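Raw target.cif, mmCIF, C-alpha atoms:
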data_final
#
loop_
_atom_site.label_atom_id
_atom_site.label_comp_id
_atom_site.auth_asym_id
_atom_site.auth_seq_id
_atom_site.Cartn_x
_atom_site.Cartn_y
_atom_site.Cartn_z
CA MET M 983 -80.65 -34.87 83.03
CA THR M 984 -76.98 -35.79 82.93
CA ILE M 985 -74.36 -33.07 82.79
CA THR M 986 -71.44 -33.81 80.51
CA ARG M 987 -68.44 -31.50 80.50
CA HIS M 988 -65.96 -31.36 77.64
CA PHE M 989 -62.55 -29.75 77.84
CA PHE M 990 -60.56 -28.82 74.77
CA ASP M 991 -56.84 -28.54 74.15
CA TRP M 992 -55.38 -25.02 74.25
CA GLU M 993 -53.17 -25.71 71.22
CA LYS M 994 -55.85 -24.46 68.77
CA PRO M 995 -58.26 -21.50 68.88
CA ILE M 996 -60.99 -22.66 71.23
CA LEU M 997 -64.13 -21.21 69.63
CA PRO M 998 -63.72 -22.88 66.21
CA VAL M 999 -62.86 -26.16 67.95
CA ALA M 1000 -65.97 -25.88 70.15
CA ALA M 1001 -68.12 -25.06 67.11
CA ASP M 1002 -66.84 -28.12 65.23
CA PHE M 1003 -67.49 -30.28 68.30
CA LEU M 1004 -71.08 -29.03 68.59
CA LEU M 1005 -71.79 -29.47 64.90
CA ASP M 1006 -70.40 -33.01 64.88
CA ARG M 1007 -72.10 -33.96 68.18
CA TYR M 1008 -75.61 -32.72 67.35
CA ILE M 1009 -75.85 -33.39 63.60
CA SER M 1010 -78.79 -35.42 62.38
CA GLY M 1011 -79.22 -35.61 58.62
CA SER M 1012 -79.10 -32.07 57.25
CA ALA M 1013 -79.85 -30.40 60.60
CA VAL M 1014 -77.90 -29.60 63.72
CA ASP M 1015 -80.08 -29.26 66.82
CA CYS M 1016 -77.96 -27.90 69.67
CA GLY M 1017 -81.07 -26.60 71.44
CA THR M 1018 -80.58 -28.88 74.44
CA ALA M 1019 -76.93 -27.87 74.93
CA ILE M 1020 -75.74 -25.19 77.33
CA VAL M 1021 -72.33 -23.74 76.46
CA VAL M 1022 -70.50 -21.75 79.13
CA VAL M 1023 -68.09 -19.09 77.89
CA PRO M 1024 -66.08 -16.47 79.80
CA GLY M 1025 -67.97 -13.44 78.46
CA GLY M 1026 -70.58 -12.00 76.14
CA ARG M 1027 -68.15 -11.38 73.30
CA ALA M 1028 -67.05 -15.02 73.30
CA GLY M 1029 -70.68 -16.10 73.19
CA ARG M 1030 -71.44 -13.86 70.22
CA LEU M 1031 -68.35 -15.06 68.37
CA LEU M 1032 -69.22 -18.70 69.04
CA ARG M 1033 -72.72 -18.21 67.64
CA GLU M 1034 -71.29 -16.45 64.57
CA ILE M 1035 -68.78 -19.26 63.97
CA LEU M 1036 -71.52 -21.89 64.38
CA ILE M 1037 -73.72 -20.12 61.84
CA ARG M 1038 -70.89 -19.79 59.31
CA LYS M 1039 -69.75 -23.40 59.68
CA ALA M 1040 -73.31 -24.75 59.48
CA ALA M 1041 -73.97 -22.66 56.35
CA ALA M 1042 -70.74 -23.91 54.77
CA ARG M 1043 -71.92 -27.50 55.35
CA ARG M 1044 -75.45 -26.59 54.16
CA LEU M 1045 -76.95 -27.53 57.52
CA THR M 1046 -79.86 -25.92 59.33
CA LEU M 1047 -78.88 -24.89 62.85
CA THR M 1048 -80.71 -24.63 66.12
CA PRO M 1049 -78.10 -22.89 68.31
CA PRO M 1050 -77.28 -23.85 71.90
CA SER M 1051 -77.92 -21.69 74.94
CA VAL M 1052 -74.76 -19.71 75.59
CA VAL M 1053 -74.07 -18.35 79.07
#

Structure translated into structure tokens:
Amino acid sequence: MTITRHFFDWEKPILPVAADFLLDRYISGSAVDCGTAIVVVPGGRAGRLLREILIRKAAARRLTLTPPSVV
């Protein structure tokens, strides 16, 4: 397994940017399968917010979502 790290610019709110990245990276047809991804965040609240943002953005695009592991 290869580990790939991605760093995002601090000019925009990080969680929506990360959610967009995940949705665009793992989309396949009408599904987004992030199940193989591990996302590292600085705390539990950030992890909950990221999941919430992912769910909202996937629903807005009418995509089914398999969320990533968030630690």

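For the choices M:Arg1007, M:Ile985, M:Asp1002, M:Trp992, the atom-to-atom distance to Ala1042 (chain M) is smallest for M:Asp1002 when using all atoms listed in the file.
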
Picked residues, the PyMOL selection byres ((chain M and resi 1036) around 10), expected as a PyMOL selection string
chain M and resi 997-998+1000-1002+1004-1005+1030-1035+1037-1042+1047-1050

Could you save those same residues with C-alpha atoms as a compact mmCIF listing (two decimals), keeping the file's coordinate frame?
# COMPACT_ATOMS: atom_id res chain seq x y z
CA LEU M 997 -64.13 -21.21 69.63
CA PRO M 998 -63.72 -22.88 66.21
CA ALA M 1000 -65.97 -25.88 70.15
CA ALA M 1001 -68.12 -25.06 67.11
CA ASP M 1002 -66.84 -28.12 65.23
CA LEU M 1004 -71.08 -29.03 68.59
CA LEU M 1005 -71.79 -29.47 64.90
CA ARG M 1030 -71.44 -13.86 70.22
CA LEU M 1031 -68.35 -15.06 68.37
CA LEU M 1032 -69.22 -18.70 69.04
CA ARG M 1033 -72.72 -18.21 67.64
CA GLU M 1034 -71.29 -16.45 64.57
CA ILE M 1035 -68.78 -19.26 63.97
CA ILE M 1037 -73.72 -20.12 61.84
CA ARG M 1038 -70.89 -19.79 59.31
CA LYS M 1039 -69.75 -23.40 59.68
CA ALA M 1040 -73.31 -24.75 59.48
CA ALA M 1041 -73.97 -22.66 56.35
CA ALA M 1042 -70.74 -23.91 54.77
CA LEU M 1047 -78.88 -24.89 62.85
CA THR M 1048 -80.71 -24.63 66.12
CA PRO M 1049 -78.10 -22.89 68.31
CA PRO M 1050 -77.28 -23.85 71.90

With only C-alpha atoms as the basis for distance, which of M:Val1053, M:Ala1028, M:Thr1046, M:Arg987 is at the shortest distance from Ala1013 (chain M)?
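Smallest distance to Ala1013 (chain M) is found for M:Thr1046.
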
Please, what distance in Å, to one decimal, runs between CA of Asp1006 (chain M) and CA of Val1022 (chain M)?
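Separation of CA of Asp1006 (chain M) and CA of Val1022 (chain M): 18.2 Å.
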
CA of Val1052 (chain M) to CA of Ala1019 (chain M): how many Å, to one decimal?
8.5 Å

Work out how far CA of Phe1003 (chain M) is from CA of His988 (chain M), in Å to one decimal.
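The value is 9.5 Å.
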
For region 990-1005 of chain M, what centre and edge lengths in Å (one decimal) does the axis-aligned box get once 4 Å is added on each side of all its listed atoms, as AutoDock Vina command-line options?
--center_x -62.5 --center_y -25.7 --center_z 69.8 --size_x 26.6 --size_y 17.1 --size_z 17.9
